[in-house]
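Chemist: Sharing entry.cif, mmCIF, C-alpha atoms:
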```cif
data_start
#
loop_
_atom_site.label_atom_id
_atom_site.label_comp_id
_atom_site.auth_asym_id
_atom_site.auth_seq_id
_atom_site.Cartn_x
_atom_site.Cartn_y
_atom_site.Cartn_z
CA MET A 30 -21.39 46.98 17.28
CA ALA A 31 -22.66 47.15 13.69
CA THR A 32 -26.30 47.61 12.72
CA VAL A 33 -27.96 44.51 11.31
CA ASP A 34 -28.54 44.65 7.59
CA SER A 35 -30.75 41.69 6.66
CA ASP A 36 -29.64 42.10 3.05
CA MET A 37 -25.93 41.94 3.86
CA PRO A 38 -24.00 39.46 1.76
CA ILE A 39 -22.95 36.41 3.78
CA LEU A 40 -20.52 33.73 2.64
CA ILE A 41 -21.00 30.25 4.09
CA VAL A 42 -18.23 27.68 3.62
CA ASP A 43 -18.58 23.93 4.15
CA ASP A 44 -17.56 20.84 2.19
CA TYR A 45 -20.87 19.11 3.03
CA LYS A 46 -23.56 20.38 0.69
CA THR A 47 -26.20 19.29 3.17
CA MET A 48 -24.70 21.51 5.84
CA LEU A 49 -24.56 24.45 3.42
CA ARG A 50 -28.23 23.90 2.77
CA ILE A 51 -29.06 23.72 6.49
CA ILE A 52 -27.15 26.91 7.33
CA ARG A 53 -28.66 28.71 4.34
CA ASN A 54 -32.19 27.73 5.44
CA LEU A 55 -31.55 28.71 9.04
CA LEU A 56 -30.17 32.09 7.92
CA LYS A 57 -33.24 32.52 5.74
CA GLN A 58 -35.45 31.92 8.77
CA LEU A 59 -33.48 34.62 10.58
CA GLY A 60 -34.18 36.98 7.68
CA PHE A 61 -30.89 36.75 5.79
CA ASN A 62 -31.46 35.96 2.14
CA ASN A 63 -28.28 37.24 0.50
CA VAL A 64 -26.25 34.10 1.08
CA ASP A 65 -23.44 32.77 -1.08
CA GLU A 66 -21.63 29.42 -0.75
CA ALA A 67 -18.15 27.89 -1.13
CA THR A 68 -17.03 24.33 -0.49
CA ASP A 69 -13.50 24.96 0.82
CA GLY A 70 -11.23 27.71 2.06
CA ALA A 71 -9.48 28.37 -1.23
CA ALA A 72 -12.74 28.80 -3.15
CA ALA A 73 -14.03 31.02 -0.35
CA LEU A 74 -10.93 33.21 -0.44
CA GLN A 75 -11.36 33.71 -4.16
CA LYS A 76 -14.99 34.78 -3.67
CA LEU A 77 -14.02 37.12 -0.83
CA ARG A 78 -11.54 38.84 -3.11
CA ASP A 79 -14.03 39.06 -5.98
CA ARG A 80 -16.92 40.71 -4.15
CA PRO A 81 -17.64 42.26 -0.73
CA TYR A 82 -19.19 40.23 2.08
CA GLN A 83 -20.12 41.30 5.56
CA LEU A 84 -19.96 37.95 7.30
CA ILE A 85 -18.16 34.63 6.87
CA ILE A 86 -19.55 31.44 8.39
CA SER A 87 -17.10 28.62 7.85
CA ASP A 88 -16.50 24.97 8.66
CA TRP A 89 -13.00 23.99 9.78
CA ASN A 90 -12.16 20.56 8.32
CA MET A 91 -12.01 21.02 4.53
CA GLU A 92 -9.68 20.23 1.65
CA PRO A 93 -7.50 21.70 0.26
CA MET A 94 -7.70 24.79 2.49
CA SER A 95 -9.16 24.44 5.96
CA GLY A 96 -11.33 26.93 7.77
CA LEU A 97 -8.47 27.89 10.08
CA GLN A 98 -6.22 28.56 7.11
CA LEU A 99 -8.98 30.66 5.56
CA LEU A 100 -9.32 32.60 8.80
CA ARG A 101 -5.59 33.31 8.86
CA GLU A 102 -5.66 34.40 5.21
CA VAL A 103 -8.58 36.72 5.90
CA ARG A 104 -6.93 38.28 8.95
CA ALA A 105 -3.70 38.75 6.98
CA ASP A 106 -5.49 40.53 4.14
CA SER A 107 -5.73 44.27 4.66
CA LYS A 108 -9.07 44.47 2.83
CA LEU A 109 -10.67 41.51 4.61
CA LYS A 110 -9.10 41.55 8.06
CA ASP A 111 -12.05 43.15 9.86
CA LEU A 112 -14.72 40.80 8.48
CA PRO A 113 -16.68 38.94 11.19
CA PHE A 114 -15.73 35.27 10.98
CA VAL A 115 -17.86 32.62 12.69
CA MET A 116 -16.53 29.08 12.78
CA ILE A 117 -19.13 26.27 12.75
CA THR A 118 -17.34 22.96 13.22
CA ALA A 119 -17.41 19.49 14.75
CA GLU A 120 -13.92 20.13 16.15
CA SER A 121 -14.82 20.37 19.81
CA LYS A 122 -11.53 20.27 21.66
CA SER A 123 -10.27 23.19 23.72
CA GLU A 124 -7.10 23.31 21.65
CA ASN A 125 -9.22 23.97 18.54
CA VAL A 126 -11.12 26.81 20.17
CA ILE A 127 -7.90 28.36 21.44
CA ALA A 128 -6.21 28.07 18.05
CA ALA A 129 -9.20 29.66 16.33
CA LYS A 130 -9.35 32.47 18.87
CA GLU A 131 -5.65 33.15 18.52
CA ALA A 132 -6.12 33.29 14.75
CA GLY A 133 -8.82 35.91 15.23
CA VAL A 134 -12.14 34.07 15.06
CA THR A 135 -15.13 36.20 15.98
CA ASN A 136 -17.22 33.36 17.34
CA TYR A 137 -17.19 29.59 17.48
CA ILE A 138 -20.14 27.20 17.19
CA VAL A 139 -19.77 23.48 17.71
CA LYS A 140 -21.76 21.01 15.60
CA PRO A 141 -24.40 19.80 16.00
CA PHE A 142 -25.85 23.23 16.71
CA ASN A 143 -29.32 24.71 16.79
CA ALA A 144 -30.92 27.79 15.30
CA ALA A 145 -30.99 29.55 18.65
CA THR A 146 -27.21 29.25 19.01
CA LEU A 147 -26.69 30.61 15.51
CA LYS A 148 -28.99 33.54 16.26
CA ASN A 149 -27.21 34.25 19.56
CA LYS A 150 -23.81 34.36 17.91
CA LEU A 151 -24.99 36.65 15.11
CA THR A 152 -26.64 38.87 17.69
CA ALA A 153 -23.33 39.01 19.55
CA VAL A 154 -21.67 40.23 16.34
CA PHE A 155 -24.30 42.56 14.87
CA GLY A 156 -26.69 43.33 17.72
CA ALA A 157 -30.31 42.27 18.10
CA PHE A 158 -32.32 41.57 14.97
CA MET B 12 23.48 -31.13 11.04
CA THR B 13 20.43 -33.01 12.28
CA ALA B 14 19.92 -34.28 15.82
CA ALA B 15 20.30 -37.88 14.60
CA THR B 16 23.63 -37.11 12.97
CA ALA B 17 24.85 -35.38 16.11
CA SER B 18 23.77 -38.33 18.22
CA ARG B 19 25.58 -40.82 15.94
CA ARG B 20 28.72 -38.68 16.04
CA THR B 21 28.60 -38.57 19.86
CA ALA B 22 28.22 -42.38 19.97
CA ASP B 23 31.25 -42.83 17.63
CA ILE B 24 33.36 -40.59 19.83
CA ASP B 25 32.33 -42.55 22.95
CA GLU B 26 33.36 -45.86 21.34
CA ASP B 27 36.70 -44.42 20.25
CA LEU B 28 37.36 -43.07 23.72
CA GLU B 29 36.49 -46.36 25.31
CA ALA B 30 38.95 -48.21 23.03
CA ARG B 31 41.74 -45.74 23.72
CA LEU B 32 41.00 -45.84 27.44
CA ALA B 33 41.19 -49.64 27.46
CA ALA B 34 44.56 -49.51 25.63
CA LEU B 35 45.84 -46.97 28.11
CA VAL B 36 44.83 -49.17 31.05
CA ARG B 37 46.52 -52.16 29.45
CA GLY B 38 49.77 -50.19 29.10
CA HIS B 39 49.64 -48.87 32.66
CA GLN B 40 48.73 -51.70 34.99
CA GLY B 41 47.25 -50.50 38.24
CA LEU B 42 45.65 -47.43 36.71
CA ASP B 43 41.97 -47.17 37.66
CA PRO B 44 39.93 -46.21 34.56
CA ALA B 45 37.48 -44.33 36.78
CA ASP B 46 40.27 -42.07 38.00
CA LEU B 47 41.32 -41.40 34.45
CA VAL B 48 37.76 -40.52 33.42
CA GLU B 49 37.48 -38.19 36.38
CA VAL B 50 40.68 -36.38 35.38
CA VAL B 51 39.57 -36.02 31.78
CA GLU B 52 36.15 -34.76 32.80
CA SER B 53 37.73 -32.26 35.12
CA ILE B 54 39.95 -30.94 32.31
CA VAL B 55 37.03 -30.70 29.88
CA SER B 56 34.86 -29.06 32.51
CA SER B 57 37.47 -26.38 33.11
CA ALA B 58 37.33 -25.69 29.35
CA GLN B 59 33.63 -24.66 29.55
CA GLY B 60 32.26 -28.19 29.83
CA ASP B 61 31.37 -30.81 27.27
CA LEU B 62 31.37 -28.75 24.06
CA SER B 63 29.64 -31.32 21.87
CA SER B 64 26.86 -31.67 24.42
CA VAL B 65 26.38 -27.88 24.61
CA ASN B 66 26.24 -27.68 20.85
CA LEU B 67 23.65 -30.41 20.79
CA ARG B 68 21.46 -28.69 23.37
CA LEU B 69 21.83 -25.39 21.53
CA TYR B 70 20.91 -27.07 18.29
CA THR B 71 17.88 -28.68 19.91
CA GLU B 72 16.71 -25.30 21.22
CA ILE B 73 17.15 -23.68 17.80
CA GLU B 74 15.28 -26.52 16.16
CA ALA B 75 12.41 -26.11 18.65
CA LEU B 76 12.37 -22.37 18.00
CA SER B 77 12.29 -22.97 14.25
CA SER B 78 9.42 -25.39 14.69
CA TYR B 79 7.57 -22.82 16.81
CA ILE B 80 8.01 -20.12 14.15
CA GLN B 81 6.85 -22.50 11.44
CA THR B 82 3.75 -23.35 13.46
CA ALA B 83 3.05 -19.64 13.98
CA ARG B 84 3.41 -19.05 10.24
CA SER B 85 0.99 -21.86 9.50
CA GLU B 86 -1.52 -20.49 11.98
CA ILE B 87 -1.21 -16.97 10.54
CA ALA B 88 -1.54 -18.36 7.03
CA SER B 89 -4.72 -20.19 8.05
CA LEU B 90 -6.14 -16.80 9.04
CA ARG B 91 -5.67 -15.71 5.41
CA PRO B 92 -4.34 -12.20 6.07
CA ASP B 93 -4.33 -11.64 2.30
CA GLU B 94 -8.12 -11.88 2.41
CA ILE B 95 -8.20 -9.14 5.04
CA THR B 96 -6.47 -6.68 2.72
CA ASP B 97 -7.90 -8.00 -0.56
CA GLU B 98 -11.51 -8.55 0.42
CA HIS B 99 -12.62 -7.68 3.94
CA LEU B 100 -11.15 -4.19 4.34
CA PRO B 101 -12.14 -2.97 0.84
CA ALA B 102 -15.64 -4.39 1.38
CA ALA B 103 -15.90 -2.61 4.73
CA GLY B 104 -14.79 0.64 3.10
CA GLU B 105 -17.35 0.29 0.34
CA GLU B 106 -20.12 -0.39 2.84
CA LEU B 107 -19.16 2.70 4.83
CA GLU B 108 -19.10 4.81 1.67
CA ALA B 109 -22.55 3.46 0.84
CA ILE B 110 -23.77 4.57 4.27
CA VAL B 111 -22.51 8.09 3.64
CA GLY B 112 -24.15 8.14 0.20
CA ALA B 113 -27.45 6.78 1.47
CA THR B 114 -27.67 9.18 4.42
CA GLU B 115 -26.81 12.11 2.16
CA GLN B 116 -29.49 11.10 -0.31
CA ALA B 117 -32.06 10.63 2.44
CA THR B 118 -31.14 13.92 4.11
CA ASN B 119 -31.51 15.82 0.86
CA ALA B 120 -34.91 14.23 0.28
CA ILE B 121 -36.00 15.24 3.78
CA MET B 122 -34.68 18.77 3.25
CA GLU B 123 -36.53 19.18 -0.03
CA ALA B 124 -39.80 18.00 1.50
CA VAL B 125 -39.40 20.26 4.51
CA GLU B 126 -38.51 23.26 2.35
CA GLN B 127 -41.79 22.73 0.47
CA ILE B 128 -43.66 22.56 3.76
CA GLU B 129 -41.98 25.78 4.89
CA ASN B 130 -42.97 27.52 1.64
CA GLU B 131 -46.57 26.36 2.02
CA ALA B 132 -46.59 27.48 5.65
CA ALA B 133 -46.00 31.04 4.50
CA LYS B 134 -49.51 30.98 3.00
CA LEU B 135 -51.13 30.13 6.34
CA ASP B 136 -52.12 32.45 9.15
CA PRO B 137 -49.09 33.72 11.13
CA GLU B 138 -49.77 31.59 14.20
CA ALA B 139 -49.98 28.31 12.28
CA ALA B 140 -47.09 29.34 10.06
CA GLY B 141 -45.00 30.03 13.17
CA ARG B 142 -45.68 26.60 14.60
CA ILE B 143 -44.80 24.92 11.31
CA THR B 144 -41.65 26.99 10.95
CA ASP B 145 -40.55 25.95 14.45
CA ALA B 146 -41.05 22.31 13.54
CA VAL B 147 -39.22 22.80 10.25
CA THR B 148 -36.34 24.40 12.13
CA ASN B 149 -36.11 21.32 14.32
CA VAL B 150 -35.88 19.16 11.20
CA TYR B 151 -33.12 21.36 9.76
CA GLU B 152 -31.17 21.09 13.00
CA ALA B 153 -31.63 17.32 13.13
CA CYS B 154 -30.45 16.95 9.53
CA SER B 155 -26.99 18.08 10.56
CA PHE B 156 -26.52 14.49 11.76
CA GLN B 157 -25.47 13.69 8.21
CA ASP B 158 -22.40 15.89 8.49
CA ILE B 159 -21.41 14.46 11.86
CA THR B 160 -22.06 10.89 10.68
CA GLY B 161 -19.95 11.46 7.59
CA GLN B 162 -17.04 12.76 9.64
CA ARG B 163 -17.28 9.87 12.09
CA ILE B 164 -17.28 7.38 9.23
CA THR B 165 -14.22 9.09 7.78
CA LYS B 166 -12.46 8.44 11.09
CA VAL B 167 -13.43 4.76 10.87
CA VAL B 168 -12.16 4.55 7.27
CA ASN B 169 -8.87 6.05 8.42
CA CYS B 170 -8.67 3.33 11.12
CA LEU B 171 -9.29 0.64 8.48
CA THR B 172 -6.55 2.12 6.32
CA HIS B 173 -4.19 1.96 9.29
CA ILE B 174 -5.08 -1.71 9.88
CA GLU B 175 -4.54 -2.43 6.19
CA GLU B 176 -1.06 -0.93 6.37
CA LYS B 177 -0.21 -3.09 9.38
CA VAL B 178 -1.48 -6.29 7.74
CA ASN B 179 0.44 -5.45 4.57
CA ALA B 180 3.58 -5.03 6.68
CA LEU B 181 2.90 -8.49 8.17
CA LEU B 182 2.46 -10.00 4.70
CA THR B 183 5.71 -8.43 3.56
CA ALA B 184 7.58 -9.65 6.65
CA PHE B 185 6.43 -13.28 6.32
CA GLY B 186 6.35 -13.21 2.53
CA GLN B 187 5.71 -16.47 0.70
CA GLU B 188 5.18 -18.49 3.86
CA ILE B 189 1.69 -17.15 4.56
CA THR B 190 0.31 -16.27 1.15
CA PRO B 191 -1.78 -18.77 -0.79
CA LYS B 192 0.01 -20.82 -3.47
CA GLY B 193 3.32 -19.52 -2.15
CA ASP B 194 2.86 -16.22 -3.96
CA ALA B 195 4.45 -13.16 -2.50
CA PRO B 196 1.90 -10.46 -1.67
CA ALA B 197 1.13 -8.40 -4.73
CA PRO B 198 1.77 -4.70 -4.32
CA ARG B 199 -1.53 -3.03 -3.55
CA PRO B 200 -2.56 0.31 -4.91
CA ALA B 201 -2.62 3.14 -2.43
CA PRO B 202 -5.81 3.07 -0.36
CA LYS B 203 -8.55 5.38 -1.48
CA PRO B 204 -8.06 8.59 0.43
CA ALA B 205 -10.60 9.42 3.09
CA LYS B 206 -12.52 12.65 2.87
CA THR B 207 -10.06 14.41 5.09
CA PRO B 208 -6.78 12.50 4.91
CA ALA B 209 -3.47 13.65 6.26
CA SER B 210 -2.35 16.15 3.66
CA GLY B 211 0.33 18.23 5.25
CA ARG B 212 -1.97 21.11 6.12
CA PRO B 213 -0.44 23.32 8.81
CA ASP B 214 -3.38 22.63 11.15
CA GLU B 215 -3.39 18.86 10.48
CA HIS B 216 -2.72 18.17 14.17
CA LEU B 217 -5.97 19.93 15.03
CA MET B 218 -8.13 17.78 12.71
CA ASN B 219 -9.64 15.55 15.35
CA GLY B 220 -13.17 15.34 13.96
CA PRO B 221 -16.26 14.82 16.12
CA GLN B 222 -15.49 13.70 19.65
CA LEU B 223 -17.33 11.13 21.72
CA PRO B 224 -19.71 12.86 24.14
CA GLU B 225 -17.47 12.27 27.16
CA ASN B 226 -14.51 13.88 25.38
CA ALA B 227 -16.26 16.83 23.73
CA ILE B 228 -16.67 20.23 25.30
CA SER B 229 -20.10 21.87 25.17
CA GLN B 230 -21.12 25.11 23.51
CA ASP B 231 -21.28 26.66 26.99
CA ASP B 232 -17.71 25.55 27.67
CA ILE B 233 -16.60 27.03 24.36
CA ASP B 234 -18.36 30.31 25.10
CA ALA B 235 -16.63 30.46 28.47
CA LEU B 236 -13.27 29.68 26.90
CA LEU B 237 -13.72 32.43 24.31
CA ALA B 238 -14.82 34.88 27.00
CA SER B 239 -11.62 34.14 28.94
CA PHE B 240 -9.66 35.84 26.15
CA ASP B 241 -11.52 39.15 26.64
#
```
Output the structure of this file as structure tokens.
Modeler:
Amino acid sequence: MATVDSDMPILIVDDYKTMLRIIRNLLKQLGFNNVDEATDGAAALQKLRDRPYQLIISDWNMEPMSGLQLLREVRADSKLKDLPFVMITAESKSENVIAAKEAGVTNYIVKPFNAATLKNKLTAVFGAF
Amino acid sequence: MTAATASRRTADIDEDLEARLAALVRGHQGLDPADLVEVVESIVSSAQGDLSSVNLRLYTEIEALSSYIQTARSEIASLRPDEITDEHLPAAGEELEAIVGATEQATNAIMEAVEQIENEAAKLDPEAAGRITDAVTNVYEACSFQDITGQRITKVVNCLTHIEEKVNALLTAFGQEITPKGDAPAPRPAPKPAKTPASGRPDEHLMNGPQLPENAISQDDIDALLASFD
């Protein structure tokens, strides 16, 4: 389990700007200030290839590239494949969770979520902080 | 051929038969006309019955069916299905879009205000700041309703689009009969795409959007499902 670096670069991906703002603020409350944003999977993939990140938090349902497609692209990329990838989505069917897990998701949060759930999932990835 | 024409023709045939029957009886004294009629009827019956009568009944049924369809067309026309696609559905879509815009605007205003409160809280003593931060966190969490609402509205817009397609198919099928002034339905532009329309993405079948509470699985269920892979 990795050591928590509160300055680690995090990429959050969502097509709702309000949700980006909420996640950014919640991460800030948890002590993470180095947060970057993208509004779909394709834009996120470009950012991931341009600079290093240590965590991806992504929505699923986006155009033109969905969160699941982004996850698959990340896992297929030799330089990105080990990045922790947390899906935060309103898709709350078992088939979605299974598909994400099979694609290599690190953790899965269903919307609407609370700050405690976000903290728990990050703790599961990086250890207590 | 109308029913009246058919009826007249049947009457003419009856008169002709009666005349020929009378002549036949005159030429064959002792022949009972009733016996002759019975023989003729028996022959006609063996040839699938009275053909002109069957045709008449069939025609009457078809005419009734035609009248029924015409009545149905009139009733559908009175519903003005063209208004559904031209006015009601677009208006409903615009109203729904306005809801999304208004909730987004309101949510952003709330977020800005709360962010200011959070910044000011940092200047207070730690205990008070902590309480304010907890309250601010609750507001952030609650603001995620805008995302869920937007996705639910997208599902409704997709339903409206589906209804529009069905009504358009109805208009096309009935054509000039149910459009005002006898005009054929004008080709409509493609409906404005919803936020997440079908687009051929490989995971399109998994785009179900927010579920109703009774259909959704909880975060605990998801955690258990993920753990089952370990």
Chemist: Once you count all atoms listed in the file, which residues of chain B turn out to be within 7 Å of chain A? Could you give them as a PyMOL selection string?
Modeler: chain B and resi 119+151-152+155+158+207+217-222+227-228+230+233+237
Chemist: Work out how far apart atom CA of A:Asn62 and atom CA of A:Phe158 are and give it in Å to one decimal.
Modeler: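 Atom CA of A:Asn62 sits 14.0 Å away from atom CA of A:Phe158.
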Chemist: Grab the atom CA of A:Arg53 to atom CA of B:Glu115 distance for me, in Å with one decimal place.
Modeler: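 Straight-line distance from atom CA of A:Arg53 to atom CA of B:Glu115 works out to 16.8 Å.
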Chemist: For the file shown, what are the residues hit by the PyMOL selection byres ((chain B and resi 125) around 12), laid out as a list in words?
Modeler: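 Taken over the shown coordinates, the PyMOL selection byres ((chain B and resi 125) around 12) returns Arg50, Ile51 and Asn54 of chain A; Thr118, Asn119, Ala120, Ile121, Met122, Glu123, Ala124, Glu126, Gln127, Ile128, Glu129, Asn130, Glu131, Ala132, Ile143, Thr144, Asp145, Ala146, Val147, Thr148, Asn149, Val150, Tyr151, Glu152, Ala153 and Cys154 of chain B.
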Chemist: Please measure the separation of atom CA of B:Ala235 and atom CA of B:His216, giving the value in Å to one decimal.
Modeler: 23.4 Å
